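Q: Quick one: structure below, then a few questions.
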Amino acid sequence: MPKNLRINSSNFIDETTRVSFKFDGKTYYGFKGDTLASALIANGIHLVARSFKYHRPRGIMTAGSEEPNAIVQINGNTAYTEPNVRATEIEIYDGLEASSQNCWPNVNFDIGGINNILSPLLPAGFYYKTFMWPASFWEKYEYFIRKSAGLGKSPTKPDPDLYEHKYIHCDVLVIGGGISGIMAAKTAAENNYKTLLLDEKPHLGGTTIYQSSEFNKINNQYSSKWLENEISNLKNIKNLEIKTRTSVAAYHGYNFLLARENLTDHLPLNKKKDKIRQRLLKIRAKKVIAATGSIERPLIFNNNDRPGIILSSAIKKYSDYYGVVCGKENILFTNNDSAYETAISLFNKGIKINAIIDIREKVNSEITNHAEKIGIKIYNSYTIVDTSGYRRIKEVSIMKLSKDGQSVTGSKIKIKCNCLGISGGWTPAVHLFTQSGGKLKFDNEDNVFIPSKYPSDQISIGSCNGEFDLNTIIKNFNQNIKNFLGIDKTSFEDLKINSTKEILKRNIWLLPSDKAIGKCKPFVDFQNDATAKDIKLALREGFRSIEHVKRYTTTGMGTDQGKLGNMHALGIISDTSGVKMSDLGTTTFRPPYTPLTFGTIVGRNVGEFFDIFRKTPIHDWHVDNNAEFENVGQWKRAWYYPKKGESMFDAVQRESKAARDGAGILDASTLGKIDIQGSDASEFLNRVYTNAWSKLAIGKCRYGLMLNEDGMVYDDGVTTRLNENHYIMTTTTGGAATVLGKLEDYLQTEWPELDVYLTSVTDHFATISVCGPNSKKIVKKVIPDLDLSDEEFPHMSFKNAKIDNIKCRVMRISFTGEQSYEINIQANFGKSVWEKCMEAGKEFNITPYGTETMHLLRAEKGFIIVGQDTDATLTPIDLQMNWIVSKKKYDFIGKRSLYRSDTIREDRKQLVGIVTEDPREVLEEGAQIVADVSKKPVEMLGHITSSYFSPNLNKSIALGVVKGGKNMLGKKLFIPMKNKIISVHVADPVFLDKENKRLNA
Amino acid sequence: MFIINCPYCGEREQSEFKAGGEAHIERPKQPTELSDDQWAEYLFMRKNIKGIQFERWVHVHGCRKWFNMVRDTTNDQIHAVYKMGEKPPIK
């Protein structure tokens, strides 16, 4: 390590602990406490990346989360790899491997650099303009464009790290641990507010913590010393929790915030293991204090992007905080006083300052005079018109600015350097404030947007509120915090402050050059390679709204979201179009403030915890018996039970045949079950179902259809009258929760006068359905005391019974068209009763069947499945189920809609049976149905909703919806597929046992 | 994410609730007497107000009670919550 780039010992760097890391394959050393950026600079490396579009060499530009250039891939080719990591944020650890992005073969020699030479051909909107025609070529272009787009490489392996979520509730949340945040947190906690203080950096103290300047003193101490003392006292304060390395990502309404707490990213690889990497904090705060600080602006001038061009404040941080010098020959270029602080600080450490170039006229402030006194050469009213140096800045050319700042005059002066600090003033970090819904106002004096209207109980303090000198910050703090927290006094009211106030300001958004703008490259967005030229072009081409200009030029659309250059983009638009900044407004700041990894967002909800699922009480038996499962709503349902060597088709054919020839058994526990009681229960059912319920005898079951108020079929199921005022309703598996919700809605809001109580009992019962010609014999063996004779226990009736002294309900109902019995028993006995049935059915070849066979069997009978054969556009009339719609009832949900002009149309899509000409041909569900393939465009009549090969009929059967299908019985239609056209004809949807003889067989 | 003051349970997170559209639309007592237009008015026509809006909400992962809310759609401020059947406390 070239030791001479380390200039002083720092409190924040542990020089006794050497850390080795790799960058672009080469090993380097830094110290514990270094970021990748500070360690690279200490090793004399500035060129770390290539720019996105022109592949120009780029260096480290900042020392914080606003970094646009120095973004790297870390730990490439491992499962831990992460792209687009800011070198200025990642703390180095032993074993860290980082590499440059967007360059090939390497960052020093990059083939893509040809784009820089071609850049006159690559203006804003280049892709939109160039790849428009011929339109059919887009797919070919897209391949290459996609390849060259993007920066880092996304990981290809599953993320091995652990993440978690945590909820936090606090009285006061303070965002930002700079001087304002620390004073605020202390004040809040001391006044009995439960307080949480967050900062994205590893240490508290913001920029003040390394401020050792005569021009910033508190109580006659350096402000850093004073603040250090305050920080060390924080740990004695009750009610105060502090989290560092924690970045607030989002600020939503009602003071709900998301923050990412980084727990292990700074640890060596072997210490990361089995620890939570990052935690997403979901914070609900009664009050929020934003002390998010401000971000230094660059200056926009020709070739302002070379490695070695760094924000003035970052140069200061590297030297004062990390003890690293960015360059030995420095120039500072500024429009304000803060660059003088950097210059004086470097000068005091013995670092050479070749010049300060200030676009302002001579300033007579304390700090500028001091700079002049110590012998720093200052060029007032000058601007940089060009820079040179390919892989690192070598020289700047400066010229005198005209009075109006729009042009340059006189002769060119060239000054050598290897580091150029730039300072264009400060932009308050109002991102989180605006995310929360806050409104900004424009301050014409400082050229900043600052908070004006707070949407929730919050306040912005310090430089994020446009307060830039210590004196103002402390004065406003005392005033504002007392009002905000409702207190009389703070412990910061008698502080003695020495600070300088800026007395002269001059702002030029786009600095002129001696060359025409067309020949210049003044970068506004460094990450996305958008220049002032691109913005002006967009305006010439008619874009006006800032949101449109942003998207057209991609300004502010990188991973840094334009934290540096967005204000200049606005300024250039304002200057060019003549619209005032305050009228122009800003683009929308969206979460997250800095990028979040997907792992943090999903937390523990990965793998089997991705979504909750529900299992029936008989689930384990299905698993033991080799069932395949399908997801129905949140349920895992047995789909089919393949035997050795059987395909799904084979298994379903076997199960379907067995159910009709001998006996089948189905786990129907997932059906929704709603217990309905009350003296108005019958009346209630009358109003929610299409058919009549008042005359249903006790002990009888009835199938019901439920509509939406718009007349469309919503759900169906069998409801049984258990007693005078007691019913049990079944719903579809997927519809259970919404049906209950809908019934509750009507009861509470439309018919509160009805005496009805609803209880979901889906989970309380296991439901076992035994069907087939032998079902009666099997149930008789399981429940010998029950009289199963057709006279005593006919189809659509119910009996209470007992199995081994456990009460159960038996319904004789059928969804297959076979004689069948449904046993409902307390859930925890479900599996043993199922096994009992299997044992009893052994001699009859009882066959367990899954949902696929159930679907096939019901399709043979033409029974609908709500949600498969219907899709919220079909009325019962469309389904040819007129029989279930009561003509006598005065009203029920959806009745009036059944004779709206639209619902009585004859040419609506109607459900019909579809039979293929070739009985072996099984149609695809979702296939289109047409009448005439010769007339283009072909008119689509409908589609197939259900389709199977029926082993019981030995032919293909299907259901489908067809426009006017009701009147098309026997008509020939076509199913156009990719390679063929299949001939079909319209049939009765009931394919098997039209007379329902099997129900009593 | 809002904090909603359920009239039955008190303040809870918005994730416990479900919105149910515009409030104070009564289901016609005699739908069969209505013309297509009158029925369509009830069935389909809803306001989409920029400003103060009256809404139905249900505490679906809580007491499962429906209630009404007065909310300003421009800034999501909830001005009032009140039980079904009660008159809105704000005009």
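We label chains A, B, ... in the order they appear in the structure tokens, count residues from 1 in each chain, and number ligands from 1 in the order shown.
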Which parts of stretch 269-453 of chain A does DSSP call helix (DSSP H, G or I) when run on the backbone here, written out as an MDAnalysis selection string?
A: chainID A and resid 269:272 312:320 338:348 366:373 431:435
Q: Up to 8 Å from chain A, what residues of chain B turn up? Count only C-alpha atoms and give them as a list of chain:residue names.
A: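 The selection requested is B:Met1, B:Phe2, B:Ile3, B:Glu26, B:Arg27, B:Gln30, B:Pro31, B:Thr32, B:Asp36, B:Trp39, B:Leu43, B:Lys65, B:Trp66, B:Asn75, B:Asp76, B:Met84, B:Gly85.
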Q: Do a neighbour search on A:Leu162 at 10 Å with only C-alpha atoms, toss out local chain neighbours closer than 5 positions, and write the hits as number ranges by chain.
A: A: 272-279, 599-600, 603-604, 606
Q: Between A:Glu655, A:Glu791, A:Glu683, A:Asp675, single out the one closest to A:Leu722, counting only C-alpha atoms.
A: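 The closest residue to A:Leu722 is A:Asp675.
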Q: Assign secondary structure with DSSP using the backbone only, and return the residues of chain B in strand (DSSP E or B) as a VMD selection string.
A: chain B and resid 3 to 6 10 to 13 18 to 22 52 to 58 66 to 72 78 to 83
Q: Could you pull the residues within 12 Å of A:Lys22, counting only C-alpha atoms, minus those fewer than 4 positions along the same chain, as a list in words?
A: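 In the requested form, the answer reads Lys26, Thr27, Tyr28, Tyr29, Gly30, Leu36, Ala39, Leu40, Asn43, Val72, Gln73, Ile74, Asn75, Gly76, Ile92, Tyr93, Asp94, Gly95, Leu96, Glu97, Ala98, Ser99 and Ser100 of chain A.
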Q: If we count only C-alpha atoms and set the cut-off at 12 Å, which residues sit around A:Ser313, ignoring sequence neighbours fewer than 5 positions away in its own chain? Please answer as a ChimeraX atom specification.
A: /A:61-64,207-208,210-211,294-298,318-321,326,332-334,336-343,345-346,420-426
Q: Atoms to include: N, CA and C atoms. Write the selected residues as a compact mmCIF listing (two decimals), in the first residue's frame.
A:
# COMPACT_ATOMS: atom_id res chain seq x y z
N MET A 61 -16.97 9.18 -6.84
CA MET A 61 -17.35 10.58 -6.90
C MET A 61 -17.84 11.13 -5.59
N THR A 62 -18.30 10.23 -4.72
CA THR A 62 -18.88 10.70 -3.45
C THR A 62 -18.34 9.82 -2.32
N ALA A 63 -18.85 10.05 -1.13
CA ALA A 63 -18.47 9.20 -0.01
C ALA A 63 -19.73 8.68 0.68
N GLY A 64 -20.81 8.52 -0.08
CA GLY A 64 -22.04 8.11 0.59
C GLY A 64 -23.00 7.36 -0.31
N THR A 207 -21.71 14.69 9.24
CA THR A 207 -20.49 15.36 8.77
C THR A 207 -19.82 16.15 9.90
N THR A 208 -20.59 16.44 10.94
CA THR A 208 -20.01 17.23 12.04
C THR A 208 -18.93 16.46 12.78
N TYR A 210 -16.45 14.85 11.99
CA TYR A 210 -15.04 15.03 11.60
C TYR A 210 -14.76 16.50 11.25
N GLN A 211 -15.53 17.38 11.86
CA GLN A 211 -15.39 18.81 11.57
C GLN A 211 -14.46 19.46 12.61
N SER A 294 -28.26 16.81 3.84
CA SER A 294 -28.30 17.29 2.47
C SER A 294 -27.17 16.65 1.68
N ILE A 295 -27.31 16.71 0.38
CA ILE A 295 -26.35 16.07 -0.51
C ILE A 295 -25.68 17.17 -1.33
N GLU A 296 -24.34 17.12 -1.39
CA GLU A 296 -23.66 18.16 -2.16
C GLU A 296 -23.92 17.96 -3.65
N ARG A 297 -24.08 19.10 -4.34
CA ARG A 297 -24.33 19.04 -5.78
C ARG A 297 -23.03 19.12 -6.55
N PRO A 298 -22.96 18.44 -7.68
CA PRO A 298 -21.82 18.66 -8.57
C PRO A 298 -22.02 19.97 -9.32
N TYR A 318 -12.97 11.90 2.97
CA TYR A 318 -11.90 10.91 2.82
C TYR A 318 -10.68 11.30 3.64
N SER A 319 -10.34 12.59 3.66
CA SER A 319 -9.13 12.96 4.40
C SER A 319 -9.41 13.07 5.90
N ASP A 320 -10.54 13.65 6.30
CA ASP A 320 -10.78 13.89 7.73
C ASP A 320 -11.28 12.65 8.45
N TYR A 321 -12.06 11.82 7.76
CA TYR A 321 -12.70 10.68 8.42
C TYR A 321 -11.91 9.40 8.20
N CYS A 326 -7.21 12.06 -1.59
CA CYS A 326 -7.72 11.68 -2.91
C CYS A 326 -6.72 12.01 -4.01
N LEU A 332 -10.04 23.01 -6.50
CA LEU A 332 -11.44 23.00 -6.09
C LEU A 332 -12.20 23.96 -6.98
N PHE A 333 -13.38 23.54 -7.37
CA PHE A 333 -14.22 24.32 -8.28
C PHE A 333 -15.56 24.48 -7.59
N THR A 334 -15.98 25.74 -7.41
CA THR A 334 -17.12 25.94 -6.51
C THR A 334 -17.99 27.13 -6.88
N ASN A 336 -19.76 28.18 -3.94
CA ASN A 336 -20.17 28.51 -2.57
C ASN A 336 -18.99 28.36 -1.63
N ASP A 337 -19.22 28.63 -0.36
CA ASP A 337 -18.12 28.65 0.61
C ASP A 337 -17.63 27.28 1.05
N SER A 338 -18.44 26.22 0.86
CA SER A 338 -18.07 24.98 1.51
C SER A 338 -16.80 24.36 0.93
N ALA A 339 -16.49 24.64 -0.33
CA ALA A 339 -15.24 24.12 -0.90
C ALA A 339 -14.03 24.72 -0.19
N TYR A 340 -14.20 25.92 0.34
CA TYR A 340 -13.08 26.55 1.06
C TYR A 340 -12.75 25.77 2.33
N GLU A 341 -13.79 25.20 2.97
CA GLU A 341 -13.55 24.37 4.15
C GLU A 341 -12.67 23.19 3.78
N THR A 342 -13.00 22.56 2.62
CA THR A 342 -12.20 21.44 2.15
C THR A 342 -10.77 21.89 1.89
N ALA A 343 -10.63 23.00 1.19
CA ALA A 343 -9.29 23.49 0.83
C ALA A 343 -8.45 23.76 2.08
N SER A 345 -8.89 22.58 5.11
CA SER A 345 -8.62 21.34 5.83
C SER A 345 -7.48 20.57 5.18
N LEU A 346 -7.46 20.47 3.85
CA LEU A 346 -6.37 19.78 3.15
C LEU A 346 -5.07 20.52 3.35
N LEU A 420 -9.90 16.89 -8.74
CA LEU A 420 -10.69 18.11 -8.84
C LEU A 420 -11.91 17.97 -7.93
N GLY A 421 -11.99 18.84 -6.94
CA GLY A 421 -13.16 18.83 -6.06
C GLY A 421 -14.20 19.79 -6.59
N ILE A 422 -15.43 19.33 -6.67
CA ILE A 422 -16.47 20.22 -7.19
C ILE A 422 -17.56 20.41 -6.14
N SER A 423 -18.09 21.63 -6.10
CA SER A 423 -19.14 21.92 -5.14
C SER A 423 -20.13 22.88 -5.75
N GLY A 424 -21.33 22.42 -5.97
CA GLY A 424 -22.37 23.25 -6.59
C GLY A 424 -23.44 23.63 -5.59
N GLY A 425 -23.11 23.58 -4.32
CA GLY A 425 -24.11 23.89 -3.30
C GLY A 425 -24.72 22.60 -2.76
N TRP A 426 -25.80 22.75 -2.03
CA TRP A 426 -26.36 21.60 -1.31
C TRP A 426 -27.82 21.39 -1.63
Q: Closest to A:His165 among A:Ala840, A:Ile283, A:Ala70, A:Leu740, using only C-alpha atoms?
A: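 Smallest separation from A:His165 among the options: A:Ile283.
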Q: Quick one: residues within 7 Å of B:Phe17, only C-alpha atoms, excluding same-chain residues fewer than 4 positions away - as a list in words?
A: Trp57, Val58, His59, Val60 and His61 of chain B
Q: Would you kindly return, as a ChimeraX atom specification, each protein, DNA or RNA residue with an atom no farther than 12 Å from any atom of B:Ile25, considering only C-alpha atoms and excluding same-chain residues fewer than 2 positions away?
A: /A:749-750 /B:20-23,27-29,41-47,54-56,68,84-85
Q: Restrict the selected residues to N, CA, C and O atoms and save them as a compact mmCIF listing (two decimals), in the first residue's frame.
A:
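Okay, selection-v4.txt is ready:
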# COMPACT_ATOMS: atom_id res chain seq x y z
N THR A 749 -75.68 -5.16 6.89
CA THR A 749 -75.92 -3.85 6.30
C THR A 749 -77.28 -3.70 5.64
O THR A 749 -77.85 -2.62 5.63
N GLU A 750 -77.82 -4.79 5.05
CA GLU A 750 -79.09 -4.65 4.35
C GLU A 750 -80.26 -5.23 5.15
O GLU A 750 -81.36 -4.71 5.10
N GLY B 20 -64.92 -1.64 1.19
CA GLY B 20 -66.11 -2.19 0.56
C GLY B 20 -66.88 -1.20 -0.29
O GLY B 20 -68.09 -1.33 -0.46
N GLY B 21 -66.19 -0.21 -0.83
CA GLY B 21 -66.84 0.69 -1.77
C GLY B 21 -67.64 1.80 -1.11
O GLY B 21 -67.58 2.00 0.11
N GLU B 22 -68.39 2.49 -1.94
CA GLU B 22 -69.12 3.68 -1.49
C GLU B 22 -70.17 3.34 -0.44
O GLU B 22 -70.86 2.32 -0.54
N ALA B 23 -70.29 4.21 0.54
CA ALA B 23 -71.26 3.98 1.62
C ALA B 23 -72.61 4.63 1.29
O ALA B 23 -72.72 5.41 0.35
N ARG B 27 -79.83 -0.97 -0.72
CA ARG B 27 -80.40 -1.90 -1.70
C ARG B 27 -81.90 -1.60 -1.82
O ARG B 27 -82.60 -1.53 -0.80
N PRO B 28 -82.40 -1.42 -3.05
CA PRO B 28 -83.83 -1.10 -3.20
C PRO B 28 -84.69 -2.18 -2.55
O PRO B 28 -84.39 -3.37 -2.64
N LYS B 29 -85.76 -1.72 -1.88
CA LYS B 29 -86.63 -2.67 -1.18
C LYS B 29 -87.44 -3.51 -2.17
O LYS B 29 -87.80 -4.64 -1.89
N GLU B 41 -78.64 2.15 -11.93
CA GLU B 41 -78.17 3.23 -11.06
C GLU B 41 -77.68 2.67 -9.72
O GLU B 41 -76.61 3.00 -9.23
N TYR B 42 -78.49 1.75 -9.16
CA TYR B 42 -78.09 1.11 -7.90
C TYR B 42 -76.90 0.16 -8.09
O TYR B 42 -75.97 0.12 -7.31
N LEU B 43 -76.96 -0.59 -9.19
CA LEU B 43 -76.02 -1.68 -9.38
C LEU B 43 -74.61 -1.19 -9.75
O LEU B 43 -73.62 -1.69 -9.23
N PHE B 44 -74.55 -0.21 -10.64
CA PHE B 44 -73.25 0.11 -11.24
C PHE B 44 -72.69 1.48 -10.87
O PHE B 44 -71.48 1.65 -10.83
N MET B 45 -73.56 2.46 -10.67
CA MET B 45 -73.05 3.82 -10.61
C MET B 45 -72.46 4.13 -9.23
O MET B 45 -73.13 4.06 -8.22
N ARG B 46 -71.17 4.44 -9.24
CA ARG B 46 -70.48 4.78 -7.99
C ARG B 46 -69.72 6.09 -8.20
O ARG B 46 -69.20 6.35 -9.28
N LYS B 47 -69.62 6.87 -7.12
CA LYS B 47 -68.85 8.11 -7.20
C LYS B 47 -67.38 7.78 -7.01
O LYS B 47 -67.01 6.80 -6.40
N PHE B 54 -67.36 9.03 1.43
CA PHE B 54 -67.97 8.15 2.44
C PHE B 54 -67.81 6.72 1.96
O PHE B 54 -68.26 6.38 0.87
N GLU B 55 -67.20 5.89 2.79
CA GLU B 55 -66.84 4.53 2.35
C GLU B 55 -67.29 3.49 3.36
O GLU B 55 -67.39 3.76 4.54
N ARG B 56 -67.50 2.27 2.83
CA ARG B 56 -67.76 1.12 3.70
C ARG B 56 -66.46 0.37 3.95
O ARG B 56 -65.66 0.19 3.03
N ASN B 68 -68.80 2.46 8.58
CA ASN B 68 -68.57 3.50 7.57
C ASN B 68 -67.40 4.39 7.97
O ASN B 68 -67.07 4.52 9.15
N MET B 84 -72.69 1.11 11.16
CA MET B 84 -73.73 0.96 10.14
C MET B 84 -75.07 1.44 10.72
O MET B 84 -75.38 1.17 11.88
N GLY B 85 -75.82 2.14 9.92
CA GLY B 85 -77.13 2.62 10.36
C GLY B 85 -77.06 3.98 11.02
O GLY B 85 -78.08 4.64 11.16
